[in-house]
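*Asks:* Next up, work_34.txt (compact mmCIF, C-alpha atoms and all ligand atoms).
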```txt
# COMPACT_ATOMS: atom_id res chain seq x y z
CA MET A 1227 10.42 -6.14 -30.57
CA PRO A 1228 11.87 -9.58 -29.88
CA GLU A 1229 10.52 -11.48 -26.86
CA PRO A 1230 12.90 -11.43 -23.86
CA SER A 1231 13.81 -15.06 -24.57
CA ASP A 1232 14.69 -14.18 -28.18
CA LEU A 1233 16.74 -11.28 -26.94
CA ASP A 1234 18.55 -13.52 -24.48
CA SER A 1235 19.39 -16.03 -27.15
CA LEU A 1236 20.55 -13.24 -29.46
CA LEU A 1237 22.80 -11.83 -26.73
CA ASN A 1238 24.11 -15.32 -25.97
CA ARG A 1239 24.91 -15.89 -29.62
CA MET A 1240 26.72 -12.56 -29.78
CA ARG A 1241 28.64 -13.39 -26.63
CA SER A 1242 29.68 -16.78 -27.89
CA ALA A 1243 30.72 -15.28 -31.25
CA THR A 1244 33.07 -12.84 -29.55
CA ALA A 1245 34.28 -15.31 -26.92
CA PRO A 1246 37.44 -16.32 -28.85
CA ILE A 1247 38.59 -12.72 -29.26
CA ARG A 1248 37.75 -12.06 -25.60
CA SER A 1249 39.97 -14.93 -24.54
CA VAL A 1250 42.79 -13.61 -26.76
CA LEU A 1251 42.52 -10.19 -25.08
CA GLU A 1252 42.30 -11.72 -21.61
CA ALA A 1253 45.42 -13.79 -22.27
CA LEU A 1254 47.29 -10.69 -23.48
CA HIS A 1255 46.16 -8.80 -20.41
CA GLU A 1256 47.44 -11.56 -18.16
CA GLN A 1257 50.69 -11.86 -20.13
CA PHE A 1258 51.58 -8.18 -19.97
CA LEU A 1259 50.19 -7.05 -16.61
CA PRO A 1260 53.46 -8.14 -14.91
CA LEU A 1261 55.45 -5.97 -17.37
CA ARG A 1262 56.26 -3.26 -14.86
CA THR A 1263 58.77 -1.10 -16.73
CA GLY A 1264 58.28 2.51 -17.78
CA THR A 1265 57.19 5.57 -15.86
CA VAL A 1266 53.94 7.45 -15.58
CA ALA A 1267 54.23 10.96 -17.10
CA ASP A 1268 54.33 13.68 -14.46
CA TYR A 1269 55.38 16.79 -16.36
CA ILE A 1270 51.66 17.61 -16.45
CA PRO A 1271 51.02 17.20 -12.70
CA GLU A 1272 47.50 15.79 -13.10
CA LEU A 1273 48.83 12.83 -15.13
CA ALA A 1274 50.93 11.69 -12.17
CA PHE A 1275 47.76 10.60 -10.36
CA ALA A 1276 47.37 7.66 -12.75
CA GLU A 1277 47.88 4.16 -11.33
CA PRO A 1278 50.79 2.33 -12.99
CA ASP A 1279 48.78 -0.91 -13.03
CA TRP A 1280 45.76 0.47 -14.86
CA PHE A 1281 45.60 -1.69 -17.96
CA GLY A 1282 42.71 -1.93 -20.41
CA ILE A 1283 42.42 -3.38 -23.90
CA ALA A 1284 39.47 -2.96 -26.29
CA VAL A 1285 38.79 -3.96 -29.86
CA ALA A 1286 35.85 -2.62 -31.89
CA SER A 1287 34.87 -4.10 -35.24
CA VAL A 1288 33.47 -2.27 -38.25
CA ASP A 1289 30.29 -4.24 -37.46
CA GLY A 1290 29.99 -2.27 -34.25
CA GLN A 1291 30.92 -5.02 -31.79
CA VAL A 1292 33.21 -4.13 -28.92
CA VAL A 1293 35.20 -6.58 -26.85
CA GLU A 1294 37.04 -5.16 -23.87
CA VAL A 1295 39.05 -6.45 -20.93
CA GLY A 1296 40.77 -5.04 -17.83
CA ASP A 1297 40.43 -1.34 -16.99
CA SER A 1298 38.71 -0.56 -20.28
CA GLN A 1299 36.20 1.76 -18.55
CA GLN A 1300 38.81 3.79 -16.65
CA PRO A 1301 38.57 7.42 -17.84
CA PHE A 1302 41.73 9.28 -18.86
CA SER A 1303 42.58 12.43 -20.81
CA MET A 1304 43.18 11.93 -24.52
CA GLN A 1305 46.40 13.93 -24.73
CA SER A 1306 48.10 13.42 -28.10
CA VAL A 1307 45.59 10.80 -29.17
CA SER A 1308 43.36 13.81 -29.98
CA LYS A 1309 45.79 15.01 -32.67
CA PRO A 1310 44.82 12.87 -35.68
CA PHE A 1311 41.14 13.66 -35.09
CA VAL A 1312 41.78 17.40 -35.01
CA TYR A 1313 43.87 17.02 -38.17
CA GLY A 1314 40.85 15.35 -39.77
CA LEU A 1315 38.64 18.27 -38.72
CA ALA A 1316 41.10 20.76 -40.20
CA LEU A 1317 41.20 18.77 -43.45
CA GLU A 1318 37.42 18.76 -43.56
CA ASN A 1319 37.23 22.52 -43.00
CA HIS A 1320 40.13 23.72 -45.14
CA GLY A 1321 41.06 20.97 -47.61
CA ARG A 1322 44.29 19.17 -48.23
CA GLU A 1323 46.17 21.87 -50.11
CA HIS A 1324 45.73 24.52 -47.44
CA LEU A 1325 46.68 22.03 -44.73
CA LEU A 1326 49.85 21.08 -46.58
CA SER A 1327 50.83 24.75 -46.79
CA LYS A 1328 50.49 25.04 -43.00
CA VAL A 1329 51.74 21.69 -41.70
CA ASN A 1330 54.09 19.26 -43.41
CA VAL A 1331 53.71 15.48 -43.41
CA GLU A 1332 57.27 14.40 -42.54
CA PRO A 1333 58.30 12.39 -39.49
CA THR A 1334 60.60 14.42 -37.25
CA GLY A 1335 62.71 11.74 -35.63
CA GLU A 1336 62.58 14.12 -32.66
CA ALA A 1337 60.65 14.12 -29.39
CA PHE A 1338 56.97 15.10 -29.55
CA ASN A 1339 57.55 18.46 -27.88
CA SER A 1340 60.63 19.50 -29.82
CA ILE A 1341 60.86 23.13 -30.87
CA VAL A 1342 61.79 22.64 -34.51
CA LEU A 1343 60.21 23.90 -37.71
CA ASP A 1344 61.07 23.16 -41.32
CA GLU A 1345 63.96 25.53 -42.13
CA THR A 1346 62.81 26.59 -45.57
CA THR A 1347 59.03 26.82 -45.16
CA ASN A 1348 58.74 27.30 -41.37
CA ARG A 1349 56.07 24.62 -41.30
CA PRO A 1350 55.89 22.20 -38.39
CA PHE A 1351 57.04 18.76 -39.50
CA ASN A 1352 53.72 16.99 -39.07
CA PRO A 1353 50.35 17.37 -37.31
CA LEU A 1354 51.06 14.70 -34.68
CA VAL A 1355 53.89 16.44 -32.84
CA ASN A 1356 52.98 19.36 -30.58
CA SER A 1357 54.01 22.11 -33.01
CA GLY A 1358 51.95 20.65 -35.87
CA ALA A 1359 49.07 19.88 -33.56
CA ILE A 1360 48.93 23.44 -32.27
CA ALA A 1361 49.01 24.71 -35.87
CA THR A 1362 46.16 22.31 -36.68
CA THR A 1363 44.18 23.40 -33.63
CA ASP A 1364 44.62 26.98 -34.86
CA LEU A 1365 42.64 25.92 -37.95
CA ILE A 1366 39.55 24.87 -35.97
CA THR A 1367 36.83 27.14 -37.31
CA GLY A 1368 34.21 29.11 -35.40
CA THR A 1369 33.19 32.72 -34.91
CA ASP A 1370 34.53 32.76 -31.35
CA TYR A 1371 36.22 30.54 -28.76
CA ALA A 1372 32.92 29.03 -27.62
CA GLU A 1373 32.00 27.99 -31.14
CA ARG A 1374 35.47 26.62 -31.83
CA ILE A 1375 35.35 24.42 -28.72
CA LYS A 1376 31.84 23.32 -29.63
CA ASN A 1377 33.10 22.24 -33.06
CA LEU A 1378 36.05 20.42 -31.50
CA LEU A 1379 33.97 18.52 -28.95
CA GLY A 1380 31.21 17.83 -31.47
CA MET A 1381 33.71 16.23 -33.84
CA LEU A 1382 35.18 14.02 -31.09
CA ALA A 1383 31.65 13.05 -29.98
CA ASN A 1384 30.86 11.85 -33.50
CA TYR A 1385 33.80 9.45 -33.32
CA ALA A 1386 33.05 8.30 -29.75
CA GLY A 1387 29.30 7.95 -30.34
CA HIS A 1388 28.33 10.05 -27.32
CA PRO A 1389 29.03 13.55 -25.94
CA VAL A 1390 32.55 14.05 -24.58
CA PHE A 1391 33.71 16.38 -21.84
CA VAL A 1392 36.89 18.11 -20.78
CA ASP A 1393 38.45 17.17 -17.46
CA ASN A 1394 38.87 20.52 -15.78
CA ALA A 1395 41.68 19.45 -13.41
CA THR A 1396 43.76 18.20 -16.36
CA PHE A 1397 42.99 21.32 -18.37
CA ILE A 1398 44.14 23.60 -15.53
CA SER A 1399 47.22 21.43 -15.03
CA GLU A 1400 48.11 21.62 -18.75
CA ARG A 1401 47.54 25.33 -18.85
CA THR A 1402 49.58 26.02 -15.70
CA THR A 1403 52.60 24.07 -16.91
CA GLY A 1404 52.34 24.47 -20.70
CA HIS A 1405 55.26 26.86 -21.15
CA ARG A 1406 56.96 24.76 -23.78
CA ASN A 1407 53.78 24.66 -25.85
CA ARG A 1408 53.50 28.44 -25.45
CA ALA A 1409 57.07 28.79 -26.73
CA ILE A 1410 56.26 26.59 -29.74
CA ALA A 1411 53.10 28.58 -30.50
CA HIS A 1412 54.86 31.93 -30.26
CA LEU A 1413 57.65 30.72 -32.54
CA MET A 1414 55.03 29.76 -35.11
CA LEU A 1415 53.30 33.12 -34.71
CA ASN A 1416 56.67 34.80 -35.28
CA PHE A 1417 56.89 33.02 -38.64
CA GLY A 1418 53.27 33.81 -39.51
CA MET A 1419 52.33 30.12 -39.49
CA ILE A 1420 49.40 30.58 -37.09
CA GLU A 1421 46.95 33.39 -36.56
CA ASP A 1422 47.39 36.13 -34.00
CA ARG A 1423 45.10 34.54 -31.40
CA VAL A 1424 47.76 32.40 -29.75
CA ASP A 1425 46.31 32.38 -26.25
CA GLU A 1426 42.93 31.23 -27.49
CA THR A 1427 44.44 28.54 -29.69
CA LEU A 1428 46.62 27.29 -26.82
CA GLU A 1429 43.54 27.13 -24.59
CA LEU A 1430 41.81 25.06 -27.27
CA TYR A 1431 44.86 22.81 -27.55
CA PHE A 1432 44.93 22.28 -23.78
CA GLN A 1433 41.20 21.53 -23.90
CA GLN A 1434 41.56 18.90 -26.63
CA CYS A 1435 44.35 17.18 -24.69
CA SER A 1436 42.12 17.11 -21.58
CA VAL A 1437 39.05 15.45 -23.14
CA LEU A 1438 38.09 12.39 -21.10
CA VAL A 1439 37.69 9.04 -22.82
CA ASN A 1440 38.19 5.40 -21.93
CA CYS A 1441 39.59 2.43 -23.80
CA HIS A 1442 36.15 1.43 -25.09
CA ASP A 1443 35.68 4.93 -26.57
CA LEU A 1444 39.08 4.91 -28.23
CA ALA A 1445 38.45 1.50 -29.80
CA VAL A 1446 35.19 2.84 -31.28
CA MET A 1447 36.99 5.97 -32.48
CA ALA A 1448 39.63 3.78 -34.14
CA ALA A 1449 36.89 1.58 -35.62
CA THR A 1450 35.30 4.72 -37.08
CA LEU A 1451 38.54 5.37 -38.97
CA ALA A 1452 38.67 1.67 -39.92
CA ASN A 1453 35.10 2.03 -41.21
CA GLY A 1454 35.79 4.84 -43.70
CA GLY A 1455 34.88 7.62 -41.25
CA VAL A 1456 31.44 6.34 -40.14
CA ASN A 1457 30.92 5.38 -36.50
CA PRO A 1458 29.98 1.69 -36.74
CA ILE A 1459 27.62 1.84 -33.75
CA THR A 1460 25.71 5.07 -34.35
CA GLY A 1461 26.06 5.23 -38.13
CA VAL A 1462 27.08 8.90 -37.81
CA ARG A 1463 29.76 10.13 -40.19
CA ALA A 1464 32.69 11.68 -38.31
CA LEU A 1465 35.04 12.24 -41.28
CA SER A 1466 34.58 12.15 -45.03
CA THR A 1467 35.95 9.00 -46.61
CA ALA A 1468 38.25 11.06 -48.82
CA HIS A 1469 40.20 12.29 -45.77
CA VAL A 1470 40.40 9.00 -43.89
CA LYS A 1471 43.46 7.93 -45.86
CA ASP A 1472 45.17 11.28 -45.18
CA VAL A 1473 44.71 10.83 -41.44
CA LEU A 1474 45.75 7.17 -41.50
CA SER A 1475 48.86 7.92 -43.60
CA ILE A 1476 50.09 10.46 -41.08
CA MET A 1477 49.33 8.08 -38.23
CA TYR A 1478 51.33 5.40 -39.98
CA SER A 1479 54.43 7.55 -40.52
CA CYS A 1480 54.30 9.85 -37.48
CA GLY A 1481 51.86 8.51 -34.87
CA MET A 1482 54.31 7.00 -32.40
CA TYR A 1483 56.72 9.94 -32.00
CA ASP A 1484 60.35 9.03 -32.69
CA TYR A 1485 59.45 5.34 -32.54
CA SER A 1486 57.23 5.66 -35.63
CA GLY A 1487 59.70 4.03 -38.05
CA GLU A 1488 60.28 0.99 -35.89
CA TRP A 1489 56.55 0.76 -35.13
CA GLY A 1490 55.74 0.80 -38.86
CA TYR A 1491 58.30 -1.93 -39.42
CA LEU A 1492 57.31 -4.17 -36.53
CA VAL A 1493 53.58 -3.53 -36.06
CA GLY A 1494 52.64 -2.01 -39.40
CA LEU A 1495 49.43 -0.24 -38.37
CA PRO A 1496 48.38 3.42 -38.40
CA ALA A 1497 48.37 4.40 -34.73
CA LYS A 1498 48.58 7.23 -32.25
CA SER A 1499 49.85 7.29 -28.72
CA GLY A 1500 49.55 9.84 -25.94
CA VAL A 1501 51.37 10.60 -22.69
CA CYS A 1502 48.24 9.44 -20.86
CA GLY A 1503 49.40 5.92 -21.76
CA ALA A 1504 46.90 5.21 -24.52
CA ILE A 1505 47.59 3.76 -27.94
CA LEU A 1506 44.94 3.68 -30.65
CA ALA A 1507 45.59 1.54 -33.74
CA VAL A 1508 43.53 1.02 -36.89
CA VAL A 1509 43.18 -2.09 -39.05
CA PRO A 1510 41.48 -0.47 -42.06
CA GLY A 1511 38.24 -2.12 -43.13
CA LYS A 1512 38.29 -4.41 -40.12
CA PHE A 1513 38.60 -3.02 -36.61
CA GLY A 1514 40.06 -0.54 -34.18
CA ILE A 1515 42.31 -1.39 -31.23
CA ALA A 1516 42.85 0.64 -28.05
CA VAL A 1517 45.21 -0.10 -25.21
CA PHE A 1518 45.53 2.00 -22.07
CA SER A 1519 48.26 1.63 -19.50
CA PRO A 1520 50.00 4.74 -18.10
CA PRO A 1521 53.69 3.74 -17.71
CA LEU A 1522 55.62 5.10 -20.73
CA ASP A 1523 58.91 4.10 -22.31
CA GLU A 1524 61.65 6.66 -23.01
CA ARG A 1525 59.91 7.72 -26.27
CA GLY A 1526 56.65 8.47 -24.48
CA ASN A 1527 54.72 5.38 -25.66
CA SER A 1528 52.82 3.08 -23.31
CA VAL A 1529 55.04 0.07 -22.54
CA ARG A 1530 52.14 -2.38 -22.27
CA GLY A 1531 50.38 -0.69 -25.20
CA VAL A 1532 53.32 -1.30 -27.52
CA ALA A 1533 53.68 -4.88 -26.26
CA VAL A 1534 49.99 -5.71 -26.83
CA CYS A 1535 49.93 -4.18 -30.33
CA ARG A 1536 53.14 -5.95 -31.34
CA GLU A 1537 51.76 -9.25 -30.18
CA LEU A 1538 48.35 -8.77 -31.85
CA SER A 1539 49.97 -7.71 -35.11
CA GLN A 1540 52.41 -10.60 -35.20
CA ARG A 1541 49.98 -13.25 -34.09
CA PHE A 1542 47.17 -12.26 -36.43
CA GLY A 1543 49.14 -10.93 -39.39
CA LEU A 1544 47.78 -7.40 -39.04
CA HIS A 1545 50.77 -5.62 -40.63
CA ALA A 1546 49.52 -3.34 -43.43
CA PHE A 1547 51.83 -5.02 -45.91
CA GLU A 1548 50.46 -8.40 -45.12
CA ALA A 1549 47.17 -6.97 -46.36
CA HIS A 1550 46.23 -10.06 -48.35
CA PHE A 1551 45.33 -11.74 -45.10
CA ALA A 1552 45.39 -8.87 -42.63
CA GLY A 1553 43.37 -9.58 -39.56
CA THR A 1554 41.33 -12.39 -41.05
CA THR A 1555 41.76 -14.74 -38.13
CA LEU A 1556 40.86 -12.09 -35.59
CA THR A 1557 38.09 -10.57 -37.69
CA ASP A 1558 36.49 -13.95 -38.30
CA GLU A 1559 35.64 -13.95 -34.64
CA PHE A 1560 33.29 -11.00 -35.15
CA LYS A 1561 29.98 -12.31 -36.50
CA PRO A 1562 27.96 -11.53 -38.43
CA ALA A 1563 30.45 -9.95 -40.82
CA ARG A 1564 28.98 -7.08 -42.81
CA ARG A 1565 31.65 -6.96 -45.46
N1 LIG A 1601 49.23 17.69 -23.60
C1 LIG A 1601 50.48 17.07 -23.92
C2 LIG A 1601 51.49 18.12 -24.30
O1 LIG A 1601 51.17 19.01 -25.01
C3 LIG A 1601 50.28 16.09 -25.04
C4 LIG A 1601 51.55 15.38 -25.37
C5 LIG A 1601 51.41 13.92 -25.72
O2 LIG A 1601 50.47 13.21 -25.39
N2 LIG A 1601 52.48 13.43 -26.31
O3 LIG A 1601 52.62 18.09 -23.88
```
Do you think you could lay out the structure here as structure tokens?
*Replies:*
Amino acid sequence: MPEPSDLDSLLNRMRSATAPIRSVLEALHEQFLPLRTGTVADYIPELAFAEPDWFGIAVASVDGQVVEVGDSQQPFSMQSVSKPFVYGLALENHGREHLLSKVNVEPTGEAFNSIVLDETTNRPFNPLVNSGAIATTDLITGTDYAERIKNLLGMLANYAGHPVFVDNATFISERTTGHRNRAIAHLMLNFGMIEDRVDETLELYFQQCSVLVNCHDLAVMAATLANGGVNPITGVRALSTAHVKDVLSIMYSCGMYDYSGEWGYLVGLPAKSGVCGAILAVVPGKFGIAVFSPPLDERGNSVRGVAVCRELSQRFGLHAFEAHFAGTTLTDEFKPARR
């Protein structure tokens, strides 16, 4: 055990090492807080209680350091940000080939809640729109509903590094108003794409959307994907390395709804957004980014979230196809570097 004075000096050294990145995040927070466009989602009534000026940014490195500013501890429901993680769980449980037979990997170019399936195979277009996500949730294993939810929450906890819980008010709100998701699920049942336990699967889907996290958690979850599937703080494996690239590929091509193409072009990072106003982005091998701010643009992406990620990507050369120097400037701020 280090003496308190040693501990203090260690903490001070850590603080000073992350000070430059903290000032970058603080400056971005200040720059984009006055950006007051977009609207808070209200089609799920519970979401409408969010404050439009909630704004948090967090970055977590593959060394397990987290730097966060603003409302980074404000809890919110994961919504669609849960989808890539559930896809990872399904891959782990059933393998790639089976997943591909159930859910395609094509961007839709349509809204996240569109009721469209592939005309020839009846598969949903991808696991990050509602149809594909419900089909993926259907693949969560377990002998009964209780075991399936335990597996779902256990998987998310491995990414977050602590137990996670469902917000009951959001869950009830989702379930009361989720008629469109019911329609999507029943259409898929009609085509034999999901099993005949639609109500249970929808309940599970509403549960996963209602899991409470904050910006800090999401940055760690993103860093876990950046770190080959191992949580960089707890050392617990959340996803096998072999499937990390599958999840990241889908996030790259489909993670930002019908803005995914432009996002890939401008920001160039695997990412996922949710109607809660969160965006999670991954810089593979380096760090995870999370931004939370509830007002959404017309595509359903957080206005401030997109602005922060665009700025970070441009300023620090984070675009995937600038990989020869991706993130070096920003990553250099995290010491000591493990790789
Ligand atoms: N629970 C939301 C829904 O199913 C999730 C959508 C989202 O975040 N895009 O409509």
*Asks:* Give me the residues within 12 Å of Asp1344 in chain A as a ChimeraX atom specification, counting only C-alpha atoms and dropping any in the same chain fewer than 3 places off.
*Replies:* /A:1327-1334,1341,1347-1352,1357-1358,1414,1417,1419
*Asks:* Tell me which of A:Met1477, A:Val1392, A:Val1439, A:Leu1354 sits closest to ligand LIG 1601 (chain A), counting only C-alpha atoms and all ligand atoms.
*Replies:* A:Leu1354
*Asks:* At a cut-off of 7 Å and counting all atoms listed in the file, what residues surround ligand LIG 1601 (chain A)? Please answer as a PDB file with C-alpha atoms, in the coordinates of the input.
*Replies:*
```pdb
ATOM      1  CA  GLN A1305      46.400  13.930 -24.730  1.00  0.00           C
ATOM      2  CA  SER A1306      48.100  13.420 -28.100  1.00  0.00           C
ATOM      3  CA  VAL A1307      45.590  10.800 -29.170  1.00  0.00           C
ATOM      4  CA  PHE A1338      56.970  15.100 -29.550  1.00  0.00           C
ATOM      5  CA  ASN A1339      57.550  18.460 -27.880  1.00  0.00           C
ATOM      6  CA  ASN A1356      52.980  19.360 -30.580  1.00  0.00           C
ATOM      7  CA  GLU A1400      48.110  21.620 -18.750  1.00  0.00           C
ATOM      8  CA  ASN A1407      53.780  24.660 -25.850  1.00  0.00           C
ATOM      9  CA  PHE A1432      44.930  22.280 -23.780  1.00  0.00           C
ATOM     10  CA  CYS A1435      44.350  17.180 -24.690  1.00  0.00           C
ATOM     11  CA  SER A1499      49.850   7.290 -28.720  1.00  0.00           C
ATOM     12  CA  GLY A1500      49.550   9.840 -25.940  1.00  0.00           C
ATOM     13  CA  VAL A1501      51.370  10.600 -22.690  1.00  0.00           C
ATOM     14  CA  CYS A1502      48.240   9.440 -20.860  1.00  0.00           C
ATOM     15  CA  GLY A1526      56.650   8.470 -24.480  1.00  0.00           C
TER      16      GLY A1526
END
```
*Asks:* Between A:Ala1383, A:Val1390, A:Ala1253, A:Leu1317, single out the one closest to Thr1367 in chain A, counting only C-alpha atoms.
*Replies:*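 Of A:Ala1383, A:Val1390, A:Ala1253, A:Leu1317, the one nearest Thr1367 in chain A, counting only C-alpha atoms, is A:Leu1317.
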*Asks:* Give as JSON, numbers by chain the set of residues within 12 Å of the point (29.2, 5.2, -45.5), where distances use the file's coordinates and all atoms listed in the file.
*Replies:* {"A": [1288, 1450, 1451, 1452, 1453, 1454, 1455, 1456, 1457, 1458, 1460, 1461, 1462, 1463, 1464, 1465, 1466, 1467, 1468, 1470, 1511]}
*Asks:* Put those residues in a file: C-alpha atoms, as a compact mmCIF listing (two decimals), in the coordinates of the input.
*Replies:*
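Writing the result to selection_13.txt gives the following:
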```txt
# COMPACT_ATOMS: atom_id res chain seq x y z
CA VAL A 1288 33.47 -2.27 -38.25
CA THR A 1450 35.30 4.72 -37.08
CA LEU A 1451 38.54 5.37 -38.97
CA ALA A 1452 38.67 1.67 -39.92
CA ASN A 1453 35.10 2.03 -41.21
CA GLY A 1454 35.79 4.84 -43.70
CA GLY A 1455 34.88 7.62 -41.25
CA VAL A 1456 31.44 6.34 -40.14
CA ASN A 1457 30.92 5.38 -36.50
CA PRO A 1458 29.98 1.69 -36.74
CA THR A 1460 25.71 5.07 -34.35
CA GLY A 1461 26.06 5.23 -38.13
CA VAL A 1462 27.08 8.90 -37.81
CA ARG A 1463 29.76 10.13 -40.19
CA ALA A 1464 32.69 11.68 -38.31
CA LEU A 1465 35.04 12.24 -41.28
CA SER A 1466 34.58 12.15 -45.03
CA THR A 1467 35.95 9.00 -46.61
CA ALA A 1468 38.25 11.06 -48.82
CA VAL A 1470 40.40 9.00 -43.89
CA GLY A 1511 38.24 -2.12 -43.13
```
*Asks:* For a quick check of your reading of the model, name the residues lying within 12 Å of the coordinate (54.1, 3.1, -24.1), counting only C-alpha atoms, and write them as a compact mmCIF listing (two decimals) with C-alpha atoms, in the frame of the given file.
*Replies:*
```txt
# COMPACT_ATOMS: atom_id res chain seq x y z
CA LEU A 1261 55.45 -5.97 -17.37
CA ARG A 1262 56.26 -3.26 -14.86
CA THR A 1263 58.77 -1.10 -16.73
CA GLY A 1264 58.28 2.51 -17.78
CA THR A 1265 57.19 5.57 -15.86
CA VAL A 1266 53.94 7.45 -15.58
CA ALA A 1267 54.23 10.96 -17.10
CA PRO A 1278 50.79 2.33 -12.99
CA PHE A 1281 45.60 -1.69 -17.96
CA MET A 1482 54.31 7.00 -32.40
CA TYR A 1483 56.72 9.94 -32.00
CA TYR A 1485 59.45 5.34 -32.54
CA TRP A 1489 56.55 0.76 -35.13
CA LYS A 1498 48.58 7.23 -32.25
CA SER A 1499 49.85 7.29 -28.72
CA GLY A 1500 49.55 9.84 -25.94
CA VAL A 1501 51.37 10.60 -22.69
CA CYS A 1502 48.24 9.44 -20.86
CA GLY A 1503 49.40 5.92 -21.76
CA ALA A 1504 46.90 5.21 -24.52
CA ILE A 1505 47.59 3.76 -27.94
CA LEU A 1506 44.94 3.68 -30.65
CA VAL A 1517 45.21 -0.10 -25.21
CA PHE A 1518 45.53 2.00 -22.07
CA SER A 1519 48.26 1.63 -19.50
CA PRO A 1520 50.00 4.74 -18.10
CA PRO A 1521 53.69 3.74 -17.71
CA LEU A 1522 55.62 5.10 -20.73
CA ASP A 1523 58.91 4.10 -22.31
CA GLU A 1524 61.65 6.66 -23.01
CA ARG A 1525 59.91 7.72 -26.27
CA GLY A 1526 56.65 8.47 -24.48
CA ASN A 1527 54.72 5.38 -25.66
CA SER A 1528 52.82 3.08 -23.31
CA VAL A 1529 55.04 0.07 -22.54
CA ARG A 1530 52.14 -2.38 -22.27
CA GLY A 1531 50.38 -0.69 -25.20
CA VAL A 1532 53.32 -1.30 -27.52
CA ALA A 1533 53.68 -4.88 -26.26
CA VAL A 1534 49.99 -5.71 -26.83
CA CYS A 1535 49.93 -4.18 -30.33
CA ARG A 1536 53.14 -5.95 -31.34
```
*Asks:* When distances are computed from all atoms listed in the file, which of A:Ser1249, A:Ser1436, A:Asn1319, A:Thr1363 shows the smallest separation from Asn1394 in chain A?
*Replies:*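 The shortest atom-to-atom distance to Asn1394 in chain A comes from A:Ser1436.
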